[in-house]
file structure.cif (mmCIF, C-alpha atoms)
data_protein
loop_
_atom_site.label_atom_id
_atom_site.label_comp_id
_atom_site.auth_asym_id
_atom_site.auth_seq_id
_atom_site.Cartn_x
_atom_site.Cartn_y
_atom_site.Cartn_z
CA MET X 1310 118.35 91.99 124.53
CA MET X 1311 119.80 89.00 122.70
CA LYS X 1312 122.01 88.83 119.61
CA LEU X 1313 122.18 85.71 117.46
CA ASN X 1314 125.06 84.59 115.24
CA CYS X 1315 124.35 83.99 111.55
CA SER X 1316 126.14 84.51 108.23
CA ALA X 1317 123.03 84.66 106.02
CA ALA X 1318 122.92 87.32 103.30
CA ILE X 1319 120.29 88.57 100.88
CA SER X 1320 119.41 85.78 98.48
CA PHE X 1321 118.17 86.49 94.99
CA VAL X 1322 116.93 82.90 94.94
CA PHE X 1323 114.57 83.81 97.76
CA ILE X 1324 113.47 87.01 96.03
CA LEU X 1325 112.66 85.06 92.88
CA ALA X 1326 110.67 82.60 94.97
CA LEU X 1327 108.23 85.36 95.82
CA THR X 1328 106.91 85.24 92.26
CA LEU X 1329 106.40 81.46 92.22
CA PRO X 1330 103.54 79.33 93.57
CA LEU X 1331 103.85 78.68 97.29
CA ARG X 1332 106.32 75.87 97.85
CA ALA X 1333 104.65 72.42 97.92
CA GLN X 1334 101.23 74.02 98.06
CA ASN X 1335 100.34 75.72 94.77
CA LEU X 1336 97.39 77.32 96.53
CA GLN X 1337 95.08 79.72 94.74
CA PRO X 1338 94.04 82.74 96.84
CA ILE X 1339 90.49 83.00 98.12
CA LYS X 1340 88.69 86.33 97.84
CA ILE X 1341 86.72 87.57 100.82
CA GLU X 1342 84.84 90.84 101.39
CA VAL X 1343 85.27 92.44 104.80
CA ASN X 1344 85.01 95.98 106.12
CA GLY X 1345 83.89 97.23 102.69
CA VAL X 1346 86.95 95.91 100.81
CA GLU X 1347 88.12 92.72 99.16
CA LEU X 1348 91.08 90.78 100.50
CA HIS X 1349 92.77 87.68 99.08
CA TYR X 1350 94.22 84.99 101.32
CA ILE X 1351 95.56 81.46 101.35
CA GLU X 1352 95.47 78.97 104.21
CA ALA X 1353 96.81 75.54 105.08
CA GLY X 1354 97.74 73.42 108.07
CA SER X 1355 96.02 72.66 111.35
CA GLY X 1356 96.36 73.70 114.97
CA PRO X 1357 96.43 77.21 116.47
CA THR X 1358 95.97 79.92 113.85
CA VAL X 1359 98.90 82.05 112.74
CA ILE X 1360 98.20 85.03 110.48
CA LEU X 1361 101.15 86.28 108.43
CA LEU X 1362 101.22 90.00 107.60
CA HIS X 1363 103.58 91.06 104.81
CA GLY X 1364 105.44 94.35 104.48
CA GLY X 1365 104.81 97.34 102.26
CA THR X 1366 106.23 95.97 99.00
CA GLY X 1367 104.88 92.43 99.41
CA ASP X 1368 101.64 90.46 99.38
CA TYR X 1369 100.32 87.03 100.37
CA ARG X 1370 103.14 85.40 98.34
CA SER X 1371 105.85 87.00 100.48
CA TRP X 1372 105.93 84.08 102.91
CA SER X 1373 106.67 81.41 100.30
CA ALA X 1374 110.04 80.38 101.76
CA HIS X 1375 108.46 79.87 105.21
CA TRP X 1376 105.14 78.32 104.26
CA GLU X 1377 106.01 74.64 104.63
CA ALA X 1378 107.70 75.11 107.99
CA PHE X 1379 104.85 77.11 109.49
CA THR X 1380 102.03 74.93 108.13
CA ARG X 1381 103.59 71.76 109.54
CA GLU X 1382 102.73 72.99 113.03
CA TYR X 1383 99.99 75.60 112.65
CA HIS X 1384 96.87 76.60 110.76
CA VAL X 1385 98.38 79.42 108.73
CA ILE X 1386 96.72 82.26 106.85
CA SER X 1387 98.62 84.67 104.61
CA TYR X 1388 96.60 87.52 103.16
CA SER X 1389 97.21 90.55 100.98
CA ARG X 1390 96.46 93.80 102.76
CA ARG X 1391 94.04 96.34 101.31
CA TYR X 1392 95.94 97.78 98.32
CA HIS X 1393 98.26 94.87 97.64
CA TYR X 1394 98.20 92.33 94.80
CA PRO X 1395 95.78 90.90 93.71
CA ASN X 1396 93.17 92.99 95.54
CA ASN X 1397 91.12 95.43 93.49
CA ASN X 1398 90.06 98.16 95.90
CA PRO X 1399 89.99 101.22 93.64
CA ARG X 1400 89.43 104.14 96.02
CA LEU X 1401 92.56 105.39 97.78
CA MET X 1402 91.72 106.60 101.29
CA LYS X 1403 92.96 110.07 102.20
CA ASP X 1404 93.78 108.90 105.73
CA TYR X 1405 94.99 105.41 104.83
CA SER X 1406 97.16 103.87 107.56
CA ALA X 1407 97.78 100.88 109.80
CA LEU X 1408 94.66 101.87 111.73
CA ASN X 1409 92.48 101.14 108.69
CA GLU X 1410 94.44 97.98 108.00
CA ALA X 1411 93.82 96.83 111.59
CA LYS X 1412 90.07 97.22 111.08
CA ASP X 1413 90.34 95.10 107.93
CA LEU X 1414 92.25 92.46 109.88
CA ALA X 1415 89.73 92.45 112.73
CA ALA X 1416 86.90 91.97 110.23
CA LEU X 1417 88.82 89.12 108.57
CA ILE X 1418 89.34 87.36 111.90
CA GLN X 1419 85.68 87.79 112.80
CA LYS X 1420 84.32 86.62 109.44
CA LEU X 1421 86.54 83.53 109.42
CA LYS X 1422 85.72 82.93 113.12
CA LEU X 1423 89.38 82.55 114.02
CA GLY X 1424 90.44 84.33 117.18
CA PRO X 1425 92.46 84.45 119.29
CA VAL X 1426 95.32 84.21 116.79
CA HIS X 1427 99.08 84.55 116.63
CA LEU X 1428 100.08 87.53 114.47
CA VAL X 1429 103.44 87.47 112.67
CA GLY X 1430 104.13 90.77 110.93
CA SER X 1431 106.90 92.36 108.93
CA SER X 1432 107.32 96.15 108.60
CA TYR X 1433 103.92 97.74 107.89
CA GLY X 1434 102.32 94.37 108.50
CA ALA X 1435 103.86 94.43 111.98
CA PHE X 1436 102.49 97.95 112.47
CA THR X 1437 99.04 96.63 111.50
CA ALA X 1438 99.37 93.69 113.88
CA LEU X 1439 100.27 95.94 116.82
CA ALA X 1440 97.43 98.35 116.01
CA LEU X 1441 94.98 95.43 115.99
CA ALA X 1442 96.32 94.19 119.33
CA LEU X 1443 95.70 97.62 120.85
CA GLN X 1444 92.20 97.84 119.39
CA HIS X 1445 91.15 94.23 120.13
CA PRO X 1446 93.59 92.57 122.55
CA LYS X 1447 91.30 89.57 123.08
CA MET X 1448 91.70 88.65 119.42
CA VAL X 1449 95.46 88.23 119.76
CA ARG X 1450 97.31 85.32 121.31
CA SER X 1451 100.86 86.55 120.62
CA LEU X 1452 102.77 89.02 118.47
CA VAL X 1453 105.91 88.70 116.35
CA LEU X 1454 106.90 92.18 115.18
CA SER X 1455 109.71 92.89 112.73
CA GLU X 1456 110.44 96.61 112.63
CA PRO X 1457 106.97 98.21 112.69
CA PRO X 1458 107.35 101.78 111.35
CA ILE X 1459 105.76 103.69 114.23
CA HIS X 1460 107.79 106.67 113.07
CA SER X 1461 105.64 109.25 114.81
CA TRP X 1462 107.35 108.20 118.04
CA MET X 1463 110.67 109.44 116.67
CA LYS X 1464 109.86 112.97 115.49
CA ASP X 1465 112.65 115.49 116.04
CA THR X 1466 115.31 112.78 115.71
CA ALA X 1467 117.92 112.49 112.98
CA GLY X 1468 116.59 109.05 112.08
CA TYR X 1469 113.14 110.50 111.43
CA ARG X 1470 114.55 113.31 109.31
CA ASP X 1471 116.62 110.86 107.25
CA PHE X 1472 113.60 108.66 106.60
CA MET X 1473 111.23 111.49 105.75
CA ALA X 1474 113.70 112.91 103.24
CA PHE X 1475 113.43 109.94 100.90
CA TRP X 1476 109.79 109.28 101.86
CA ASN X 1477 108.69 112.79 100.89
CA HIS X 1478 110.75 112.62 97.69
CA SER X 1479 109.01 109.37 96.77
CA ALA X 1480 105.59 110.92 97.52
CA GLU X 1481 106.38 113.89 95.29
CA VAL X 1482 107.23 111.57 92.39
CA PHE X 1483 104.06 109.52 92.99
CA ARG X 1484 102.05 112.72 92.65
CA LYS X 1485 103.68 113.28 89.26
CA GLY X 1486 102.48 109.84 88.17
CA ASP X 1487 105.85 108.10 87.85
CA GLN X 1488 105.28 104.97 89.93
CA LYS X 1489 108.47 103.18 88.93
CA GLU X 1490 110.74 106.08 89.83
CA ALA X 1491 108.84 106.62 93.07
CA MET X 1492 109.31 102.96 93.99
CA ARG X 1493 113.02 103.17 93.15
CA ILE X 1494 113.45 106.11 95.51
CA PHE X 1495 111.50 104.36 98.25
CA ALA X 1496 113.23 100.97 97.90
CA ASP X 1497 116.74 102.46 97.73
CA GLY X 1498 116.05 104.57 100.82
CA LEU X 1499 114.76 101.58 102.76
CA PHE X 1500 117.06 98.78 101.59
CA GLY X 1501 120.17 100.57 100.35
CA ALA X 1502 121.54 102.48 97.36
CA ASN X 1503 120.92 100.88 93.95
CA TYR X 1504 118.76 98.18 95.52
CA PHE X 1505 115.89 98.60 93.06
CA GLU X 1506 118.09 98.53 89.96
CA GLY X 1507 119.82 95.38 91.21
CA LEU X 1508 116.62 93.36 91.52
CA PRO X 1509 116.05 90.51 89.07
CA PRO X 1510 113.24 91.34 86.59
CA ALA X 1511 110.77 88.99 88.28
CA ALA X 1512 111.37 90.51 91.71
CA SER X 1513 111.11 94.04 90.31
CA ALA X 1514 107.80 93.12 88.67
CA THR X 1515 106.48 91.77 91.98
CA MET X 1516 107.42 94.98 93.73
CA MET X 1517 105.68 97.05 91.07
CA GLN X 1518 102.54 94.95 91.45
CA ASN X 1519 102.39 96.36 94.98
CA SER X 1520 103.38 99.93 94.17
CA ARG X 1521 99.80 101.11 94.64
CA ALA X 1522 100.00 100.27 98.33
CA ILE X 1523 103.10 102.43 98.77
CA GLU X 1524 101.43 105.16 96.74
CA ALA X 1525 98.38 105.01 99.02
CA LEU X 1526 100.60 105.50 102.07
CA ALA X 1527 102.72 108.18 100.40
CA LEU X 1528 99.61 110.22 99.55
CA SER X 1529 97.91 109.62 102.90
CA LYS X 1530 97.47 112.46 105.39
CA ASN X 1531 98.67 110.20 108.19
CA PRO X 1532 100.75 107.27 106.92
CA PHE X 1533 102.51 106.62 110.25
CA PRO X 1534 99.87 107.24 112.93
CA TYR X 1535 100.77 107.70 116.56
CA LEU X 1536 100.06 104.72 118.80
CA PRO X 1537 99.37 105.83 122.40
CA LYS X 1538 102.30 104.78 124.53
CA ASP X 1539 100.14 104.28 127.62
CA LYS X 1540 98.15 101.62 125.76
CA VAL X 1541 101.33 99.91 124.59
CA ILE X 1542 102.68 99.84 128.16
CA ASN X 1543 99.50 98.12 129.34
CA LEU X 1544 99.47 95.51 126.57
CA GLN X 1545 99.57 92.07 128.16
CA ILE X 1546 100.32 89.93 125.09
CA PRO X 1547 103.48 87.80 124.65
CA THR X 1548 105.61 89.65 122.10
CA LEU X 1549 108.78 88.98 120.13
CA VAL X 1550 110.50 91.97 118.51
CA LEU X 1551 113.03 91.34 115.73
CA THR X 1552 115.48 93.99 114.53
CA GLY X 1553 117.96 93.69 111.67
CA ASP X 1554 121.45 94.76 112.70
CA ASN X 1555 121.93 96.49 109.33
CA THR X 1556 118.58 98.24 109.24
CA ILE X 1557 118.23 102.02 108.94
CA ARG X 1558 118.50 104.14 112.06
CA ILE X 1559 114.83 104.97 112.62
CA HIS X 1560 113.81 101.31 112.71
CA ARG X 1561 116.36 100.59 115.43
CA GLN X 1562 115.08 103.58 117.38
CA VAL X 1563 111.44 102.54 117.10
CA ASP X 1564 112.18 98.94 118.10
CA ASP X 1565 114.19 100.07 121.13
CA GLU X 1566 111.31 102.27 122.27
CA LEU X 1567 108.77 99.53 121.64
CA VAL X 1568 110.75 97.05 123.74
CA ARG X 1569 111.15 99.63 126.50
CA LEU X 1570 107.41 100.22 126.60
CA LEU X 1571 106.42 96.57 126.48
CA GLY X 1572 108.77 95.64 129.29
CA ASN X 1573 108.58 91.84 129.02
CA ALA X 1574 108.97 91.53 125.25
CA LYS X 1575 111.74 89.36 123.84
CA HIS X 1576 114.06 91.38 121.62
CA ILE X 1577 116.44 89.74 119.18
CA ILE X 1578 118.95 91.53 116.98
CA VAL X 1579 119.33 89.49 113.79
CA PRO X 1580 122.82 89.76 112.27
CA ASN X 1581 123.49 90.28 108.58
CA SER X 1582 119.92 91.49 108.10
CA GLY X 1583 118.44 94.76 106.98
CA HIS X 1584 114.79 95.76 107.18
CA ALA X 1585 113.54 92.58 105.43
CA ILE X 1586 114.64 90.11 108.12
CA ALA X 1587 112.50 87.18 106.94
CA ARG X 1588 114.16 87.44 103.53
CA ASP X 1589 117.71 88.29 104.57
CA SER X 1590 118.10 85.51 107.18
CA PRO X 1591 115.31 83.02 106.37
CA GLU X 1592 116.54 79.99 108.32
CA LEU X 1593 117.29 81.97 111.45
CA TYR X 1594 114.01 83.85 111.12
CA ARG X 1595 111.97 80.64 110.85
CA SER X 1596 113.64 78.90 113.76
CA THR X 1597 113.36 81.97 116.00
CA VAL X 1598 109.70 82.64 115.23
CA LEU X 1599 108.65 78.99 115.53
CA ARG X 1600 110.50 78.63 118.84
CA PHE X 1601 108.64 81.67 120.19
CA LEU X 1602 105.26 80.45 118.91
CA ASN X 1603 105.82 77.00 120.42
CA GLU X 1604 106.50 78.62 123.78
CA GLN X 1605 102.98 80.05 123.70
CA LYS X 1606 101.27 76.64 123.40
#

call {"tool": "encode", "arguments": {"input": "structure.cif", "output": "structure tokens"}}
result
Amino acid sequence: MMKLNCSAAISFVFILALTLPLRAQNLQPIKIEVNGVELHYIEAGSGPTVILLHGGTGDYRSWSAHWEAFTREYHVISYSRRYHYPNNNPRLMKDYSALNEAKDLAALIQKLKLGPVHLVGSSYGAFTALALALQHPKMVRSLVLSEPPIHSWMKDTAGYRDFMAFWNHSAEVFRKGDQKEAMRIFADGLFGANYFEGLPPAASATMMQNSRAIEALALSKNPFPYLPKDKVINLQIPTLVLTGDNTIRIHRQVDDELVRLLGNAKHIIVPNSGHAIARDSPELYRSTVLRFLNEQK
């Protein structure tokens, strides 16, 4: 395990950037139909393909601060997962999870004739990336995983109980139809007390544009599916695992177990970062991820 030194903190400038056109690109998303759903994506650059997978409250715009750096060296695709802005997939699946998202991703890779690809995922995007690697390992060249919520591995732990307390509360409020209050409960539980109320209006609006994705997970029968540990142990794909040193307990527990199972994975603890590592420590995140990707050339 390795710990890096950095003094970066959460930047509202970065949060506001999520609502702006991608830096130096101003790309309009392309709509594609795969696996019975529509997905929107942007792409730029040349070289090996890197697919960026955003977290639960984000979308294809979430990688704005990193876009120029990644596209200088790689062919980069950033797409919005099934229920994220601006996709219009009306039917909420009763068993919606990273397993469904992985099938969407596999279909996207196949339709665009991409593989094998590097997958760089944050939070639920990281969960999706790992699920895809287990389903179709030949499609994946390497993995960068920032705190995938494989929470089913941690049942009967205090971290799991803490997480499920605010998760179930958020789901209850979603069922009552109050999306904004449900998102406040979820965001404060994940990022810290009063986080949602402290967001600038533009950032709050962006989060609400993706509230339907959180609602879909909250109302799902199996939002955090179990990934077989024997398959994870046998995964032979270069992997970098990133953990924020200020993240909530269950994410540290899951990452520690993931690294134990993978054996040869690189594990970096990113200082002054919570769950949203790419946002909290952007410069350190970029340099670390690009260094790892370059090692796979």

call {"tool": "residues_near_point", "arguments": {"input": "structure.cif", "point": "(117.3, 104.3, 108.8)", "cutoff": "9 Å", "atoms": "all atoms listed in the file", "output": "PyMOL selection string"}}
result
chain X and resi 1468-1469+1471-1472+1498-1499+1556-1562

call {"tool": "closest_residue", "arguments": {"input": "structure.cif", "among": "X:Ala1491, X:Leu1526, X:Ile1360, X:Val1482", "to": "X:Arg1450", "atoms": "all atoms listed in the file"}}
result
X:Ile1360

call {"tool": "closest_residue", "arguments": {"input": "structure.cif", "among": "X:Ala1378, X:Leu1362, X:Leu1348, X:Val1385", "to": "X:Pro1591", "atoms": "only C-alpha atoms"}}
result
X:Ala1378

call {"tool": "closest_residue", "arguments": {"input": "structure.cif", "among": "X:Ile1386, X:Leu1454, X:Val1563, X:Ile1341", "to": "X:Ala1353", "atoms": "only C-alpha atoms"}}
result
X:Ile1386

call {"tool": "atom_distance", "arguments": {"input": "structure.cif", "atom1": "atom CA of X:Phe1483", "atom2": "atom CA of X:Ser1406"}}
result
17.1 Å

call {"tool": "closest_residue", "arguments": {"input": "structure.cif", "among": "X:Ile1542, X:Ala1502, X:Ala1496, X:Ile1577", "to": "X:Thr1366", "atoms": "all atoms listed in the file"}}
result
X:Ala1496

call {"tool": "atom_distance", "arguments": {"input": "structure.cif", "atom1": "atom CA of X:Pro1534", "atom2": "atom CA of X:Ala1467"}}
result
18.8 Å

call {"tool": "closest_residue", "arguments": {"input": "structure.cif", "among": "X:His1363, X:Arg1493, X:Arg1521, X:His1349", "to": "X:Ala1585", "atoms": "all atoms listed in the file"}}
result
X:His1363

call {"tool": "residues_near_point", "arguments": {"input": "structure.cif", "point": "(117.0, 85.9, 109.3)", "cutoff": "9 Å", "atoms": "only C-alpha atoms", "output": "ChimeraX atom specification"}}
result
/X:1315,1317-1318,1553,1579-1582,1585-1597

call {"tool": "closest_residue", "arguments": {"input": "structure.cif", "among": "X:Leu1441, X:Leu1571, X:Leu1508, X:Val1598", "to": "X:Val1426", "atoms": "all atoms listed in the file"}}
result
X:Leu1441
